[in-house]
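J.: Can you keep this structure in mind? I'll have questions shortly.
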Amino acid sequence: MRKPPRLYFAFRSPFSWMALRRLEELYPEAVDTVEYRPFWEPDADLLSRLRAEGGEFLYTPMSKAKHLYILYDTKRLASSFGYRMSWPVDVDPWWEVPHLAWLYARREGRERAFYRAVTEARWERGENVCDPALVKDLAASVGLDGDTAASAAHDPDLREEGLRSLHDLYQDDVFGVPYFRVGRHRFWGLDRLDAVGDALELERDARAADPPSLARVPVPDLSPPLADLDTDTAGGCG
């Protein structure tokens, strides 16, 4: 069976925030078919368990020079899109707190509402989304149980679900965000949105036209020419 398009996001990444927001603005109908999946740097426990089961976390931390560049680049990009942005200050963040809370929200069918609440808090107001007290309030604001969301990082079942999510990252070769899988096509970075949108619309039209025979629908090659590929871009990060 054909897998739905997947879109990997991270609450940490400003490029992920801007890419998903732009995608939802430009391709609202196509985005409704996309399966959101979280990407985050695992804590020591989940990382050791992931490695023990043959997986790995593929993200490589960026250099100080690139980080300083991104501080300026994201402000410039946000301004060009007309987005209000307030850069947050992360002090010893525990990324399981918001991301496992998002997994809880997904169980309750409120994952996109919770996603928006968290990204607005982090990128528009500069708040600490790794603070369980804030996560509690954000969850409650979208109709979730705040206490359950705030304690998600400690919940054994949600940590197990988080481990499975980390395995998905490894299996899909996700090394940074925003990262998109549409059929056999893969796209990384904010600067690939036009290609992502084209792929999503083709995928949606193919499913609507003849769902039982999707395997027979020709898939055009949407990959950019090799000359246009780069090995590192500020348009995607962890």
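Residue names in the structure tokens use chain letters A, B, ... in the order shown, residue numbers from 1 in each chain, and ligand numbers from 1 in the order shown.
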Quick one: everything within 10 Å of stretch 44-57 of chain A, counting only C-alpha atoms, minus sequence neighbours fewer than 4 positions away in the same chain. Send it as a ChimeraX atom specification.

T.: /A:39-40,96,159-160,162-164,166-171,173-176

J.: Please provide as a list in words all residues within 12 Å of A:Arg110, with the sequence filter that same-chain residues fewer than 2 positions apart are discarded (counting only C-alpha atoms).

T.: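 These residues fall inside the cut-off: Tyr36, Ala101, Trp102, Leu103, Tyr104, Ala105, Arg106, Arg107, Glu108, Arg112, Ala113, Phe114, Tyr115, Arg116, Ala117, Leu138, Ala139, Ala140, Ser141, Val142, Gly143, Leu144, Asp145 and Ala149 of chain A.
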
J.: Apply DSSP to the backbone of this structure and, from stretch 67-234 of chain A, keep only the residues in helix (DSSP H, G or I); write these as a PyMOL selection string.

T.: chain A and resi 67-81+96-107+111-124+132-141+146-150+152-154+156-171+190-209+211-216+226-228

J.: Report, in Å to a single decimal, how far apart atom CA of A:Leu190 and atom CA of A:Leu7 are.

T.: 12.2 Å

J.: Rank nothing, just name the residue among A:Glu111, A:Asp157, A:Glu124, A:Glu41 nearest to A:Pro88, using only C-alpha atoms.

T.: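 For A:Pro88, the nearest of the candidates is A:Glu124.
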
J.: Counting only C-alpha atoms, which residue out of A:Ile70, A:Thr148, A:Ala153, A:Ala30 sits closest to A:Asp205?

T.: A:Ala30

J.: Here is a test: counting only C-alpha atoms, which residue of A:Val31, A:Val135, A:Ala150, A:Val91 is nearest to A:Val182?

T.: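 Checking each candidate against A:Val182, we get A:Val31 as the closest.
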
J.: Going by DSSP on the backbone, which bits of stretch 71-194 of chain A are strand (DSSP E or B)? Write them as a PDB file with all heavy atoms, in the first residue's frame, please.

T.:
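So the final result, stored in selection01.pdb, reads:
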```pdb
ATOM      1  N   VAL A 177      15.678  19.087   9.248  1.00  0.00           N
ATOM      2  CA  VAL A 177      14.323  19.513   8.920  1.00  0.00           C
ATOM      3  C   VAL A 177      14.348  20.939   8.376  1.00  0.00           C
ATOM      4  O   VAL A 177      15.302  21.681   8.651  1.00  0.00           O
ATOM      5  CB  VAL A 177      13.413  19.438  10.164  1.00  0.00           C
ATOM      6  CG1 VAL A 177      13.127  18.018  10.566  1.00  0.00           C
ATOM      7  CG2 VAL A 177      14.009  20.221  11.332  1.00  0.00           C
ATOM      8  N   TYR A 179      11.943  18.246   6.289  1.00  0.00           N
ATOM      9  CA  TYR A 179      12.263  17.119   5.419  1.00  0.00           C
ATOM     10  C   TYR A 179      10.943  16.507   4.970  1.00  0.00           C
ATOM     11  O   TYR A 179      10.049  16.269   5.799  1.00  0.00           O
ATOM     12  CB  TYR A 179      13.090  16.100   6.182  1.00  0.00           C
ATOM     13  CG  TYR A 179      13.699  14.991   5.354  1.00  0.00           C
ATOM     14  CD1 TYR A 179      15.009  15.088   4.880  1.00  0.00           C
ATOM     15  CD2 TYR A 179      12.988  13.830   5.073  1.00  0.00           C
ATOM     16  CE1 TYR A 179      15.590  14.061   4.147  1.00  0.00           C
ATOM     17  CE2 TYR A 179      13.560  12.798   4.336  1.00  0.00           C
ATOM     18  CZ  TYR A 179      14.858  12.922   3.875  1.00  0.00           C
ATOM     19  OH  TYR A 179      15.434  11.902   3.143  1.00  0.00           O
ATOM     20  N   PHE A 180      10.825  16.261   3.669  1.00  0.00           N
ATOM     21  CA  PHE A 180       9.569  15.791   3.099  1.00  0.00           C
ATOM     22  C   PHE A 180       9.799  14.496   2.327  1.00  0.00           C
ATOM     23  O   PHE A 180      10.787  14.369   1.602  1.00  0.00           O
ATOM     24  CB  PHE A 180       8.990  16.837   2.143  1.00  0.00           C
ATOM     25  CG  PHE A 180       8.891  18.224   2.718  1.00  0.00           C
ATOM     26  CD1 PHE A 180       9.956  19.103   2.641  1.00  0.00           C
ATOM     27  CD2 PHE A 180       7.727  18.651   3.343  1.00  0.00           C
ATOM     28  CE1 PHE A 180       9.878  20.386   3.162  1.00  0.00           C
ATOM     29  CE2 PHE A 180       7.634  19.931   3.873  1.00  0.00           C
ATOM     30  CZ  PHE A 180       8.710  20.801   3.786  1.00  0.00           C
ATOM     31  N   ARG A 181       8.856  13.557   2.477  1.00  0.00           N
ATOM     32  CA  ARG A 181       8.844  12.336   1.667  1.00  0.00           C
ATOM     33  C   ARG A 181       7.497  12.281   0.955  1.00  0.00           C
ATOM     34  O   ARG A 181       6.444  12.216   1.604  1.00  0.00           O
ATOM     35  CB  ARG A 181       9.014  11.084   2.534  1.00  0.00           C
ATOM     36  CG  ARG A 181      10.395  10.881   3.121  1.00  0.00           C
ATOM     37  CD  ARG A 181      11.438  10.502   2.075  1.00  0.00           C
ATOM     38  NE  ARG A 181      11.093   9.322   1.305  1.00  0.00           N
ATOM     39  CZ  ARG A 181      11.517   8.089   1.606  1.00  0.00           C
ATOM     40  NH1 ARG A 181      12.284   7.884   2.680  1.00  0.00           N
ATOM     41  NH2 ARG A 181      11.201   7.075   0.853  1.00  0.00           N
ATOM     42  N   VAL A 182       7.515  12.332  -0.363  1.00  0.00           N
ATOM     43  CA  VAL A 182       6.295  12.234  -1.165  1.00  0.00           C
ATOM     44  C   VAL A 182       6.548  11.141  -2.188  1.00  0.00           C
ATOM     45  O   VAL A 182       7.285  11.349  -3.157  1.00  0.00           O
ATOM     46  CB  VAL A 182       5.947  13.563  -1.862  1.00  0.00           C
ATOM     47  CG1 VAL A 182       4.599  13.437  -2.583  1.00  0.00           C
ATOM     48  CG2 VAL A 182       5.910  14.713  -0.864  1.00  0.00           C
ATOM     49  N   HIS A 185      10.062  10.540  -3.762  1.00  0.00           N
ATOM     50  CA  HIS A 185      10.780  11.804  -3.754  1.00  0.00           C
ATOM     51  C   HIS A 185      11.089  12.271  -2.338  1.00  0.00           C
ATOM     52  O   HIS A 185      10.288  12.108  -1.425  1.00  0.00           O
ATOM     53  CB  HIS A 185       9.970  12.883  -4.477  1.00  0.00           C
ATOM     54  CG  HIS A 185       9.696  12.563  -5.904  1.00  0.00           C
ATOM     55  ND1 HIS A 185      10.679  12.494  -6.858  1.00  0.00           N
ATOM     56  CD2 HIS A 185       8.534  12.261  -6.539  1.00  0.00           C
ATOM     57  CE1 HIS A 185      10.148  12.185  -8.025  1.00  0.00           C
ATOM     58  NE2 HIS A 185       8.853  12.022  -7.850  1.00  0.00           N
ATOM     59  N   ARG A 186      12.262  12.892  -2.175  1.00  0.00           N
ATOM     60  CA  ARG A 186      12.685  13.441  -0.889  1.00  0.00           C
ATOM     61  C   ARG A 186      13.111  14.892  -1.111  1.00  0.00           C
ATOM     62  O   ARG A 186      13.768  15.212  -2.102  1.00  0.00           O
ATOM     63  CB  ARG A 186      13.859  12.650  -0.321  1.00  0.00           C
ATOM     64  CG  ARG A 186      13.616  11.156  -0.261  1.00  0.00           C
ATOM     65  CD  ARG A 186      14.819  10.430   0.301  1.00  0.00           C
ATOM     66  NE  ARG A 186      14.663   8.986   0.195  1.00  0.00           N
ATOM     67  CZ  ARG A 186      15.399   8.113   0.866  1.00  0.00           C
ATOM     68  NH1 ARG A 186      16.345   8.538   1.700  1.00  0.00           N
ATOM     69  NH2 ARG A 186      15.209   6.820   0.726  1.00  0.00           N
ATOM     70  N   PHE A 187      12.734  15.740  -0.175  1.00  0.00           N
ATOM     71  CA  PHE A 187      13.076  17.147  -0.263  1.00  0.00           C
ATOM     72  C   PHE A 187      13.499  17.627   1.119  1.00  0.00           C
ATOM     73  O   PHE A 187      12.844  17.338   2.114  1.00  0.00           O
ATOM     74  CB  PHE A 187      11.872  17.979  -0.723  1.00  0.00           C
ATOM     75  CG  PHE A 187      11.205  17.478  -1.982  1.00  0.00           C
ATOM     76  CD1 PHE A 187      10.141  16.581  -1.908  1.00  0.00           C
ATOM     77  CD2 PHE A 187      11.632  17.894  -3.232  1.00  0.00           C
ATOM     78  CE1 PHE A 187       9.512  16.129  -3.054  1.00  0.00           C
ATOM     79  CE2 PHE A 187      11.015  17.433  -4.384  1.00  0.00           C
ATOM     80  CZ  PHE A 187       9.955  16.551  -4.304  1.00  0.00           C
ATOM     81  N   TRP A 188      14.579  18.406   1.151  1.00  0.00           N
ATOM     82  CA  TRP A 188      15.054  18.952   2.419  1.00  0.00           C
ATOM     83  C   TRP A 188      15.217  20.461   2.287  1.00  0.00           C
ATOM     84  O   TRP A 188      15.836  20.943   1.340  1.00  0.00           O
ATOM     85  CB  TRP A 188      16.399  18.327   2.793  1.00  0.00           C
ATOM     86  CG  TRP A 188      17.045  18.969   3.998  1.00  0.00           C
ATOM     87  CD1 TRP A 188      16.523  19.086   5.254  1.00  0.00           C
ATOM     88  CD2 TRP A 188      18.336  19.586   4.052  1.00  0.00           C
ATOM     89  NE1 TRP A 188      17.395  19.732   6.097  1.00  0.00           N
ATOM     90  CE2 TRP A 188      18.531  20.047   5.373  1.00  0.00           C
ATOM     91  CE3 TRP A 188      19.349  19.797   3.119  1.00  0.00           C
ATOM     92  CZ2 TRP A 188      19.692  20.701   5.793  1.00  0.00           C
ATOM     93  CZ3 TRP A 188      20.513  20.445   3.523  1.00  0.00           C
ATOM     94  CH2 TRP A 188      20.677  20.886   4.849  1.00  0.00           C
TER      95      TRP A 188
END
```

J.: For A:Trp87, list every protein, DNA or RNA residue within 8 Å, evaluated using only C-alpha atoms, and leave out those in the same chain fewer than 3 positions away; present the list as a ChimeraX atom specification.

T.: /A:122-124,126

J.: Dump N, CA and C atoms for the selected residues as a PDB file, in the first residue's frame?

T.:
```pdb
ATOM      1  N   ARG A 122       6.812  29.654  20.599  1.00  0.00           N
ATOM      2  CA  ARG A 122       8.272  29.677  20.464  1.00  0.00           C
ATOM      3  C   ARG A 122       8.760  30.757  19.511  1.00  0.00           C
ATOM      4  N   TRP A 123       8.177  30.830  18.316  1.00  0.00           N
ATOM      5  CA  TRP A 123       8.751  31.675  17.269  1.00  0.00           C
ATOM      6  C   TRP A 123       8.120  33.048  17.162  1.00  0.00           C
ATOM      7  N   GLU A 124       6.917  33.219  17.689  1.00  0.00           N
ATOM      8  CA  GLU A 124       6.302  34.543  17.645  1.00  0.00           C
ATOM      9  C   GLU A 124       6.427  35.281  18.975  1.00  0.00           C
ATOM     10  N   GLY A 126       8.764  33.990  21.541  1.00  0.00           N
ATOM     11  CA  GLY A 126      10.068  33.702  22.127  1.00  0.00           C
ATOM     12  C   GLY A 126      10.008  32.964  23.447  1.00  0.00           C
TER      13      GLY A 126
END
```

J.: Please identify all polymer residues within 12 Å of stretch 78-80 of chain A, counting only C-alpha atoms, omitting same-chain residues fewer than 4 positions from it, and present them as a ChimeraX atom specification.

T.: /A:14-19,21-22,70-74,84-87,123-124,190

J.: Pull N, CA and C atoms from the residues just selected and write them as a PDB file, in the first residue's frame.

T.:
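What follows is the written file result-v4.pdb:
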```pdb
ATOM      1  N   PRO A  14      13.816  27.039  13.175  1.00  0.00           N
ATOM      2  CA  PRO A  14      13.052  28.136  12.574  1.00  0.00           C
ATOM      3  C   PRO A  14      12.705  27.859  11.116  1.00  0.00           C
ATOM      4  N   PHE A  15      13.557  27.113  10.418  1.00  0.00           N
ATOM      5  CA  PHE A  15      13.272  26.786   9.026  1.00  0.00           C
ATOM      6  C   PHE A  15      12.085  25.828   8.922  1.00  0.00           C
ATOM      7  N   SER A  16      11.984  24.905   9.858  1.00  0.00           N
ATOM      8  CA  SER A  16      10.835  24.012   9.906  1.00  0.00           C
ATOM      9  C   SER A  16       9.557  24.812  10.115  1.00  0.00           C
ATOM     10  N   TRP A  17       9.583  25.734  11.074  1.00  0.00           N
ATOM     11  CA  TRP A  17       8.409  26.584  11.355  1.00  0.00           C
ATOM     12  C   TRP A  17       7.985  27.360  10.117  1.00  0.00           C
ATOM     13  N   MET A  18       8.935  28.031   9.467  1.00  0.00           N
ATOM     14  CA  MET A  18       8.587  28.842   8.299  1.00  0.00           C
ATOM     15  C   MET A  18       8.138  27.979   7.125  1.00  0.00           C
ATOM     16  N   ALA A  19       8.795  26.844   6.914  1.00  0.00           N
ATOM     17  CA  ALA A  19       8.448  25.980   5.784  1.00  0.00           C
ATOM     18  C   ALA A  19       7.033  25.438   5.913  1.00  0.00           C
ATOM     19  N   ARG A  21       4.582  26.641   7.704  1.00  0.00           N
ATOM     20  CA  ARG A  21       3.611  27.739   7.618  1.00  0.00           C
ATOM     21  C   ARG A  21       3.400  28.156   6.168  1.00  0.00           C
ATOM     22  N   ARG A  22       4.500  28.285   5.411  1.00  0.00           N
ATOM     23  CA  ARG A  22       4.374  28.651   4.005  1.00  0.00           C
ATOM     24  C   ARG A  22       3.647  27.574   3.207  1.00  0.00           C
ATOM     25  N   ILE A  70      22.687  31.703  10.720  1.00  0.00           N
ATOM     26  CA  ILE A  70      21.257  31.393  10.757  1.00  0.00           C
ATOM     27  C   ILE A  70      20.482  32.433  11.559  1.00  0.00           C
ATOM     28  N   LEU A  71      21.107  32.967  12.608  1.00  0.00           N
ATOM     29  CA  LEU A  71      20.441  34.000  13.398  1.00  0.00           C
ATOM     30  C   LEU A  71      20.017  35.169  12.521  1.00  0.00           C
ATOM     31  N   TYR A  72      20.888  35.570  11.598  1.00  0.00           N
ATOM     32  CA  TYR A  72      20.582  36.669  10.695  1.00  0.00           C
ATOM     33  C   TYR A  72      19.666  36.222   9.556  1.00  0.00           C
ATOM     34  N   ASP A  73      19.939  35.040   9.020  1.00  0.00           N
ATOM     35  CA  ASP A  73      19.191  34.562   7.859  1.00  0.00           C
ATOM     36  C   ASP A  73      17.713  34.363   8.178  1.00  0.00           C
ATOM     37  N   THR A  74      17.420  33.798   9.339  1.00  0.00           N
ATOM     38  CA  THR A  74      16.018  33.543   9.679  1.00  0.00           C
ATOM     39  C   THR A  74      15.246  34.836   9.884  1.00  0.00           C
ATOM     40  N   ARG A  84       5.979  37.648  11.967  1.00  0.00           N
ATOM     41  CA  ARG A  84       6.561  38.191  13.188  1.00  0.00           C
ATOM     42  C   ARG A  84       7.401  37.099  13.836  1.00  0.00           C
ATOM     43  N   MET A  85       8.617  37.436  14.239  1.00  0.00           N
ATOM     44  CA  MET A  85       9.514  36.435  14.816  1.00  0.00           C
ATOM     45  C   MET A  85      10.227  37.003  16.026  1.00  0.00           C
ATOM     46  N   SER A  86      10.282  36.206  17.091  1.00  0.00           N
ATOM     47  CA  SER A  86      11.023  36.560  18.293  1.00  0.00           C
ATOM     48  C   SER A  86      11.918  35.389  18.636  1.00  0.00           C
ATOM     49  N   TRP A  87      13.229  35.559  18.450  1.00  0.00           N
ATOM     50  CA  TRP A  87      14.145  34.436  18.624  1.00  0.00           C
ATOM     51  C   TRP A  87      14.203  34.009  20.089  1.00  0.00           C
ATOM     52  N   TRP A 123       8.177  30.830  18.316  1.00  0.00           N
ATOM     53  CA  TRP A 123       8.751  31.675  17.269  1.00  0.00           C
ATOM     54  C   TRP A 123       8.120  33.048  17.162  1.00  0.00           C
ATOM     55  N   GLU A 124       6.917  33.219  17.689  1.00  0.00           N
ATOM     56  CA  GLU A 124       6.302  34.543  17.645  1.00  0.00           C
ATOM     57  C   GLU A 124       6.427  35.281  18.975  1.00  0.00           C
ATOM     58  N   LEU A 190      13.783  24.690   3.357  1.00  0.00           N
ATOM     59  CA  LEU A 190      12.776  25.700   3.053  1.00  0.00           C
ATOM     60  C   LEU A 190      12.753  26.059   1.574  1.00  0.00           C
TER      61      LEU A 190
END
```
